[in-house]
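Trainee: Input data.pdb, format and content: PDB, C-alpha atoms.
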```pdb
ATOM      1  CA  MET U   1       0.000   0.000   0.000  1.00  0.00           C
ATOM      2  CA  GLN U   2       1.231   3.485  -0.805  1.00  0.00           C
ATOM      3  CA  ILE U   3       0.019   7.084  -0.880  1.00  0.00           C
ATOM      4  CA  ARG U   4       1.364   9.197  -3.710  1.00  0.00           C
ATOM      5  CA  LEU U   5       0.640  12.283  -5.785  1.00  0.00           C
ATOM      6  CA  TYR U   6      -2.019  11.527  -8.373  1.00  0.00           C
ATOM      7  CA  THR U   7      -1.227  11.362 -12.076  1.00  0.00           C
ATOM      8  CA  GLY U   8      -3.455  11.758 -15.118  1.00  0.00           C
ATOM      9  CA  GLN U   9      -3.664   7.970 -15.327  1.00  0.00           C
ATOM     10  CA  ASP U  10      -5.456   7.928 -11.960  1.00  0.00           C
ATOM     11  CA  LEU U  11      -8.161  10.412 -12.961  1.00  0.00           C
ATOM     12  CA  ASP U  12     -10.821   8.009 -14.278  1.00  0.00           C
ATOM     13  CA  ARG U  13     -10.581   5.819 -11.165  1.00  0.00           C
ATOM     14  CA  MET U  14     -10.712   8.899  -8.914  1.00  0.00           C
ATOM     15  CA  LEU U  15     -13.857  10.096 -10.688  1.00  0.00           C
ATOM     16  CA  GLN U  16     -15.451   6.660 -10.352  1.00  0.00           C
ATOM     17  CA  ILE U  17     -14.693   6.609  -6.601  1.00  0.00           C
ATOM     18  CA  TRP U  18     -15.982  10.183  -6.217  1.00  0.00           C
ATOM     19  CA  LEU U  19     -19.259   9.481  -8.026  1.00  0.00           C
ATOM     20  CA  GLU U  20     -19.980   6.164  -6.283  1.00  0.00           C
ATOM     21  CA  GLY U  21     -18.933   7.560  -2.914  1.00  0.00           C
ATOM     22  CA  SER U  22     -20.943  10.752  -3.303  1.00  0.00           C
ATOM     23  CA  LYS U  23     -24.115   8.873  -4.181  1.00  0.00           C
ATOM     24  CA  GLN U  24     -23.636   6.461  -1.280  1.00  0.00           C
ATOM     25  CA  ALA U  25     -22.700   9.005   1.403  1.00  0.00           C
ATOM     26  CA  HIS U  26     -25.154  11.666   0.259  1.00  0.00           C
ATOM     27  CA  ASP U  27     -28.299   9.661  -0.471  1.00  0.00           C
ATOM     28  CA  PHE U  28     -30.279  12.686   0.738  1.00  0.00           C
ATOM     29  CA  ILE U  29     -29.229  14.505  -2.472  1.00  0.00           C
ATOM     30  CA  GLU U  30     -30.512  13.457  -5.888  1.00  0.00           C
ATOM     31  CA  GLY U  31     -28.012  11.198  -7.717  1.00  0.00           C
ATOM     32  CA  SER U  32     -28.349  13.283 -10.874  1.00  0.00           C
ATOM     33  CA  TYR U  33     -26.738  16.223  -9.007  1.00  0.00           C
ATOM     34  CA  TRP U  34     -23.501  14.264  -8.635  1.00  0.00           C
ATOM     35  CA  GLU U  35     -23.603  13.045 -12.237  1.00  0.00           C
ATOM     36  CA  SER U  36     -24.067  16.638 -13.451  1.00  0.00           C
ATOM     37  CA  ASN U  37     -20.891  17.652 -11.583  1.00  0.00           C
ATOM     38  CA  LEU U  38     -18.664  14.871 -12.929  1.00  0.00           C
ATOM     39  CA  GLN U  39     -17.238  16.985 -15.770  1.00  0.00           C
ATOM     40  CA  ALA U  40     -16.431  19.880 -13.407  1.00  0.00           C
ATOM     41  CA  MET U  41     -14.632  17.468 -11.091  1.00  0.00           C
ATOM     42  CA  LYS U  42     -12.562  16.208 -14.012  1.00  0.00           C
ATOM     43  CA  GLU U  43     -11.779  19.530 -15.663  1.00  0.00           C
ATOM     44  CA  GLU U  44     -11.762  22.015 -12.766  1.00  0.00           C
ATOM     45  CA  TYR U  45     -11.742  20.711  -9.224  1.00  0.00           C
ATOM     46  CA  ILE U  46      -9.210  17.892  -9.325  1.00  0.00           C
ATOM     47  CA  PRO U  47      -6.743  19.816 -11.540  1.00  0.00           C
ATOM     48  CA  MET U  48      -6.875  22.875  -9.220  1.00  0.00           C
ATOM     49  CA  SER U  49      -6.150  20.795  -6.118  1.00  0.00           C
ATOM     50  CA  GLN U  50      -3.199  18.935  -4.688  1.00  0.00           C
ATOM     51  CA  SER U  51      -4.467  15.356  -4.805  1.00  0.00           C
ATOM     52  CA  TYR U  52      -3.003  12.168  -3.401  1.00  0.00           C
ATOM     53  CA  VAL U  53      -4.171   8.634  -4.093  1.00  0.00           C
ATOM     54  CA  LEU U  54      -4.017   5.566  -1.904  1.00  0.00           C
ATOM     55  CA  GLU U  55      -3.018   2.546  -3.920  1.00  0.00           C
ATOM     56  CA  ALA U  56      -3.692  -0.927  -2.522  1.00  0.00           C
ATOM     57  CA  GLU U  57      -4.143  -4.331  -4.108  1.00  0.00           C
ATOM     58  CA  GLY U  58      -2.825  -2.971  -7.392  1.00  0.00           C
ATOM     59  CA  SER U  59      -5.224  -0.087  -7.895  1.00  0.00           C
ATOM     60  CA  VAL U  60      -6.351   3.266  -6.520  1.00  0.00           C
ATOM     61  CA  GLN U  61      -8.768   2.704  -3.619  1.00  0.00           C
ATOM     62  CA  GLY U  62      -9.155   6.282  -2.385  1.00  0.00           C
ATOM     63  CA  PHE U  63      -7.962   9.854  -2.682  1.00  0.00           C
ATOM     64  CA  VAL U  64      -7.715  13.143  -0.861  1.00  0.00           C
ATOM     65  CA  SER U  65      -7.653  16.600  -2.451  1.00  0.00           C
ATOM     66  CA  MET U  66      -6.425  19.799  -0.819  1.00  0.00           C
ATOM     67  CA  VAL U  67      -6.712  23.402  -2.026  1.00  0.00           C
ATOM     68  CA  ASP U  68      -4.322  25.318   0.216  1.00  0.00           C
ATOM     69  CA  ASP U  69      -5.622  24.516   3.744  1.00  0.00           C
ATOM     70  CA  TYR U  70      -9.058  23.388   2.529  1.00  0.00           C
ATOM     71  CA  LEU U  71      -9.841  19.679   2.368  1.00  0.00           C
ATOM     72  CA  ALA U  72     -11.866  19.640  -0.846  1.00  0.00           C
ATOM     73  CA  ALA U  73     -12.360  15.861  -1.106  1.00  0.00           C
ATOM     74  CA  LEU U  74     -11.685  12.673   0.822  1.00  0.00           C
ATOM     75  CA  PHE U  75     -13.145   9.549  -0.750  1.00  0.00           C
ATOM     76  CA  VAL U  76     -12.570   5.812  -0.412  1.00  0.00           C
ATOM     77  CA  ALA U  77     -14.124   3.319  -2.829  1.00  0.00           C
ATOM     78  CA  PRO U  78     -17.373   2.131  -1.207  1.00  0.00           C
ATOM     79  CA  ASP U  79     -16.304  -1.531  -1.326  1.00  0.00           C
ATOM     80  CA  GLN U  80     -13.019  -0.636   0.421  1.00  0.00           C
ATOM     81  CA  GLN U  81     -14.453   1.372   3.313  1.00  0.00           C
ATOM     82  CA  GLY U  82     -13.850   0.234   6.879  1.00  0.00           C
ATOM     83  CA  ARG U  83     -10.211  -0.699   6.227  1.00  0.00           C
ATOM     84  CA  GLY U  84      -8.701   2.507   7.647  1.00  0.00           C
ATOM     85  CA  TYR U  85      -7.900   4.009   4.233  1.00  0.00           C
ATOM     86  CA  GLY U  86      -9.754   7.258   4.978  1.00  0.00           C
ATOM     87  CA  LYS U  87      -7.758   7.770   8.187  1.00  0.00           C
ATOM     88  CA  LEU U  88      -4.492   7.008   6.358  1.00  0.00           C
ATOM     89  CA  LEU U  89      -5.299   9.635   3.723  1.00  0.00           C
ATOM     90  CA  LEU U  90      -6.377  12.178   6.333  1.00  0.00           C
ATOM     91  CA  ASP U  91      -3.268  11.560   8.440  1.00  0.00           C
ATOM     92  CA  TYR U  92      -1.134  11.961   5.306  1.00  0.00           C
ATOM     93  CA  VAL U  93      -2.389  15.510   4.702  1.00  0.00           C
ATOM     94  CA  LYS U  94      -2.413  16.354   8.427  1.00  0.00           C
ATOM     95  CA  GLU U  95       1.334  15.648   8.492  1.00  0.00           C
ATOM     96  CA  ARG U  96       1.812  18.284   5.784  1.00  0.00           C
ATOM     97  CA  GLN U  97      -0.567  20.992   7.038  1.00  0.00           C
ATOM     98  CA  GLU U  98      -0.668  23.325  10.020  1.00  0.00           C
ATOM     99  CA  LYS U  99      -4.421  23.768   9.664  1.00  0.00           C
ATOM    100  CA  ILE U 100      -7.206  22.087   7.690  1.00  0.00           C
ATOM    101  CA  ASN U 101     -10.694  23.434   7.030  1.00  0.00           C
ATOM    102  CA  LEU U 102     -13.548  21.539   5.423  1.00  0.00           C
ATOM    103  CA  LYS U 103     -17.296  21.452   4.919  1.00  0.00           C
ATOM    104  CA  VAL U 104     -19.374  18.329   5.460  1.00  0.00           C
ATOM    105  CA  TYR U 105     -23.093  17.716   5.051  1.00  0.00           C
ATOM    106  CA  GLN U 106     -24.803  17.478   8.441  1.00  0.00           C
ATOM    107  CA  ASP U 107     -26.872  14.510   7.209  1.00  0.00           C
ATOM    108  CA  ASN U 108     -23.640  12.594   6.464  1.00  0.00           C
ATOM    109  CA  GLY U 109     -23.393  11.489  10.087  1.00  0.00           C
ATOM    110  CA  SER U 110     -20.627   8.950   9.557  1.00  0.00           C
ATOM    111  CA  ALA U 111     -18.375  11.608   7.987  1.00  0.00           C
ATOM    112  CA  VAL U 112     -19.147  14.118  10.752  1.00  0.00           C
ATOM    113  CA  ARG U 113     -18.228  11.494  13.385  1.00  0.00           C
ATOM    114  CA  PHE U 114     -15.088  10.518  11.421  1.00  0.00           C
ATOM    115  CA  TYR U 115     -13.821  14.105  11.371  1.00  0.00           C
ATOM    116  CA  GLU U 116     -14.701  14.713  15.036  1.00  0.00           C
ATOM    117  CA  LYS U 117     -12.882  11.506  16.019  1.00  0.00           C
ATOM    118  CA  ASN U 118      -9.855  12.797  14.092  1.00  0.00           C
ATOM    119  CA  GLY U 119      -9.635  16.112  15.936  1.00  0.00           C
ATOM    120  CA  PHE U 120     -11.870  18.405  13.873  1.00  0.00           C
ATOM    121  CA  ILE U 121     -14.287  20.782  15.568  1.00  0.00           C
ATOM    122  CA  VAL U 122     -17.439  22.358  14.174  1.00  0.00           C
ATOM    123  CA  THR U 123     -16.857  26.072  13.610  1.00  0.00           C
ATOM    124  CA  ALA U 124     -20.098  27.047  11.840  1.00  0.00           C
ATOM    125  CA  GLU U 125     -23.402  25.770  10.512  1.00  0.00           C
ATOM    126  CA  LEU U 126     -24.053  26.614   6.870  1.00  0.00           C
ATOM    127  CA  ALA U 127     -26.275  25.720   3.933  1.00  0.00           C
ATOM    128  CA  ASP U 128     -24.778  24.508   0.655  1.00  0.00           C
ATOM    129  CA  GLU U 129     -25.683  27.075  -2.005  1.00  0.00           C
ATOM    130  CA  GLN U 130     -26.178  24.463  -4.733  1.00  0.00           C
ATOM    131  CA  THR U 131     -28.175  21.808  -2.853  1.00  0.00           C
ATOM    132  CA  SER U 132     -29.625  23.809   0.095  1.00  0.00           C
ATOM    133  CA  ALA U 133     -28.502  20.915   2.340  1.00  0.00           C
ATOM    134  CA  LYS U 134     -27.223  21.893   5.782  1.00  0.00           C
ATOM    135  CA  GLU U 135     -23.453  21.695   6.295  1.00  0.00           C
ATOM    136  CA  PHE U 136     -20.944  22.014   9.081  1.00  0.00           C
ATOM    137  CA  ALA U 137     -17.750  23.987   8.606  1.00  0.00           C
ATOM    138  CA  MET U 138     -15.054  22.114  10.525  1.00  0.00           C
ATOM    139  CA  SER U 139     -11.456  22.896  11.376  1.00  0.00           C
ATOM    140  CA  TRP U 140      -8.358  21.137  12.652  1.00  0.00           C
ATOM    141  CA  GLU U 141      -5.057  22.636  13.794  1.00  0.00           C
ATOM    142  CA  ALA U 142      -1.766  20.883  14.386  1.00  0.00           C
ATOM    143  CA  ARG U 143      -0.529  20.820  17.969  1.00  0.00           C
ATOM    144  CA  ARG U 144       3.091  21.837  17.719  1.00  0.00           C
TER     145      ARG U 144
END
```
Could you render the structure as structure tokens?

Mentor:
Amino acid sequence: MQIRLYTGQDLDRMLQIWLEGSKQAHDFIEGSYWESNLQAMKEEYIPMSQSYVLEAEGSVQGFVSMVDDYLAALFVAPDQQGRGYGKLLLDYVKERQEKINLKVYQDNGSAVRFYEKNGFIVTAELADEQTSAKEFAMSWEARR
């Protein structure tokens, strides 16, 4: 198993993981919303971020994307969840950051608990402009 900077060859697998993971974790949002954002993920969001992939069993099983100190994405293939890959990816970026901010849907309880368990605190309650779903802004700071 290794975590490394993503390459263009990883992009299709990353998009597959993102789409499957988004639909699974956010079943309170219409699946067509995620499908309509696939092109933007491919052409805008992933290229503008610093993304790392976790490779295990010969293929990419998850990824994390940072834009400065903002955690823009953290996804593990749905059939690979529960193996600690999400924590490995999060720890990887925490080692390289002084501070991390993120937004998470309030209805995604497992993600909220995951981030709280990993030292993030809720700093604000918001509403996503595109979906109107309630979100938490969360933050983590390194203890140095």

Trainee: Pull out every residue that the PyMOL selection byres ((chain U and resi 60) around 12) matches in the shown coordinates and put them as a ChimeraX atom specification.

Mentor: /U:1-7,9-18,52-59,61-64,75-77,80,85

Trainee: What would the selection look like, as number ranges by chain, if the PyMOL selection byres ((chain U and resi 38) around 12) were run on the coordinates I just shared?

Mentor: U: 11-12, 14-20, 22-23, 31-37, 39-46

Trainee: Given the choices U:Leu102, U:Leu74, U:Met66, U:Ile121, which gets closest to Ala25 in chain U if the distance is worked out from all atoms listed in the file?

Mentor: U:Leu74

Trainee: What is the distance, in Å and to one decimal place, between CA of Gly8 in chain U and CA of Gln50 in chain U?

Mentor: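 Separation between CA of Gly8 in chain U and CA of Gln50 in chain U: 12.7 Å.
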
Trainee: Please enclose the listed atoms of range 24-43 of chain U in an axis-aligned box, pad each side by 8 Å, and write out the centre and the three edge lengths in Å, rounded to one decimal, as JSON.

Mentor:
```
{"center_x": -21.1, "center_y": 13.2, "center_z": -7.2, "size_x": 34.7, "size_y": 29.4, "size_z": 33.2}
```

Trainee: On this structure, the PyMOL selection byres ((chain U and resi 131) around 12) would catch which residues? List them as a PyMOL selection string, sorted by chain and number.

Mentor: chain U and resi 26+28-34+105+126-130+132-135

Trainee: Using all atoms listed in the file, which residue out of U:Gly21, U:Gly84, U:Glu116, U:Asn101 lies closest to Leu71 in chain U?

Mentor: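 Closest to Leu71 in chain U, using all atoms listed in the file: U:Asn101.
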
Trainee: Figure out the distance between CA of Lys87 in chain U and CA of Val112 in chain U, please, to one decimal in Å.

Mentor: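 Computed distance, CA of Val112 in chain U to CA of Lys87 in chain U, equals 13.3 Å.
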
Trainee: Which of these residues is nearest to Asp79 in chain U, using all atoms listed in the file: U:Gln24, U:Arg113, U:Arg143, U:Lys94?

Mentor: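 Nearest to Asp79 in chain U: U:Gln24.
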
Trainee: Taking all atoms listed in the file into account, name the residue in U:Met48, U:Ala124, U:Ala142, U:Val67 that is nearest to Lys103 in chain U.

Mentor: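 Smallest distance to Lys103 in chain U is found for U:Ala124.
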
Trainee: Take CA of Ser139 in chain U and CA of Glu125 in chain U and report the distance between them in Å, one decimal.

Mentor: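 Result for CA of Ser139 in chain U versus CA of Glu125 in chain U: 12.3 Å, one decimal.
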
Trainee: Using all atoms listed in the file, collect all residues at a distance of at most 6 Å from (-18.3, 23.3, 11.8) as written in the file, then present them as number ranges by chain.

Mentor: U: 122-125, 136-138

Trainee: Those same residues - C-alpha atoms - I'd like them written as a CSV table (one decimal), in the coordinates of the input.

Mentor:
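The new file result.csv reads:
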```csv
chain,number,residue,atom,x,y,z
U,122,VAL,CA,-17.4,22.4,14.2
U,123,THR,CA,-16.9,26.1,13.6
U,124,ALA,CA,-20.1,27.0,11.8
U,125,GLU,CA,-23.4,25.8,10.5
U,136,PHE,CA,-20.9,22.0,9.1
U,137,ALA,CA,-17.8,24.0,8.6
U,138,MET,CA,-15.1,22.1,10.5
```

Trainee: Would you mind telling me which residue in U:Pro78, U:Tyr70, U:Pro47, U:Ser65 lies nearest to Lys99 in chain U when using only C-alpha atoms?

Mentor: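 Result for the nearest residue to Lys99 in chain U: U:Tyr70.
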
Trainee: Return the single residue from U:Ala73, U:Ser49, U:Gly82, U:Trp140 that is closest to Lys117 in chain U, with distances computed using only C-alpha atoms.

Mentor: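 Using only C-alpha atoms, Lys117 in chain U sits closest to U:Trp140.
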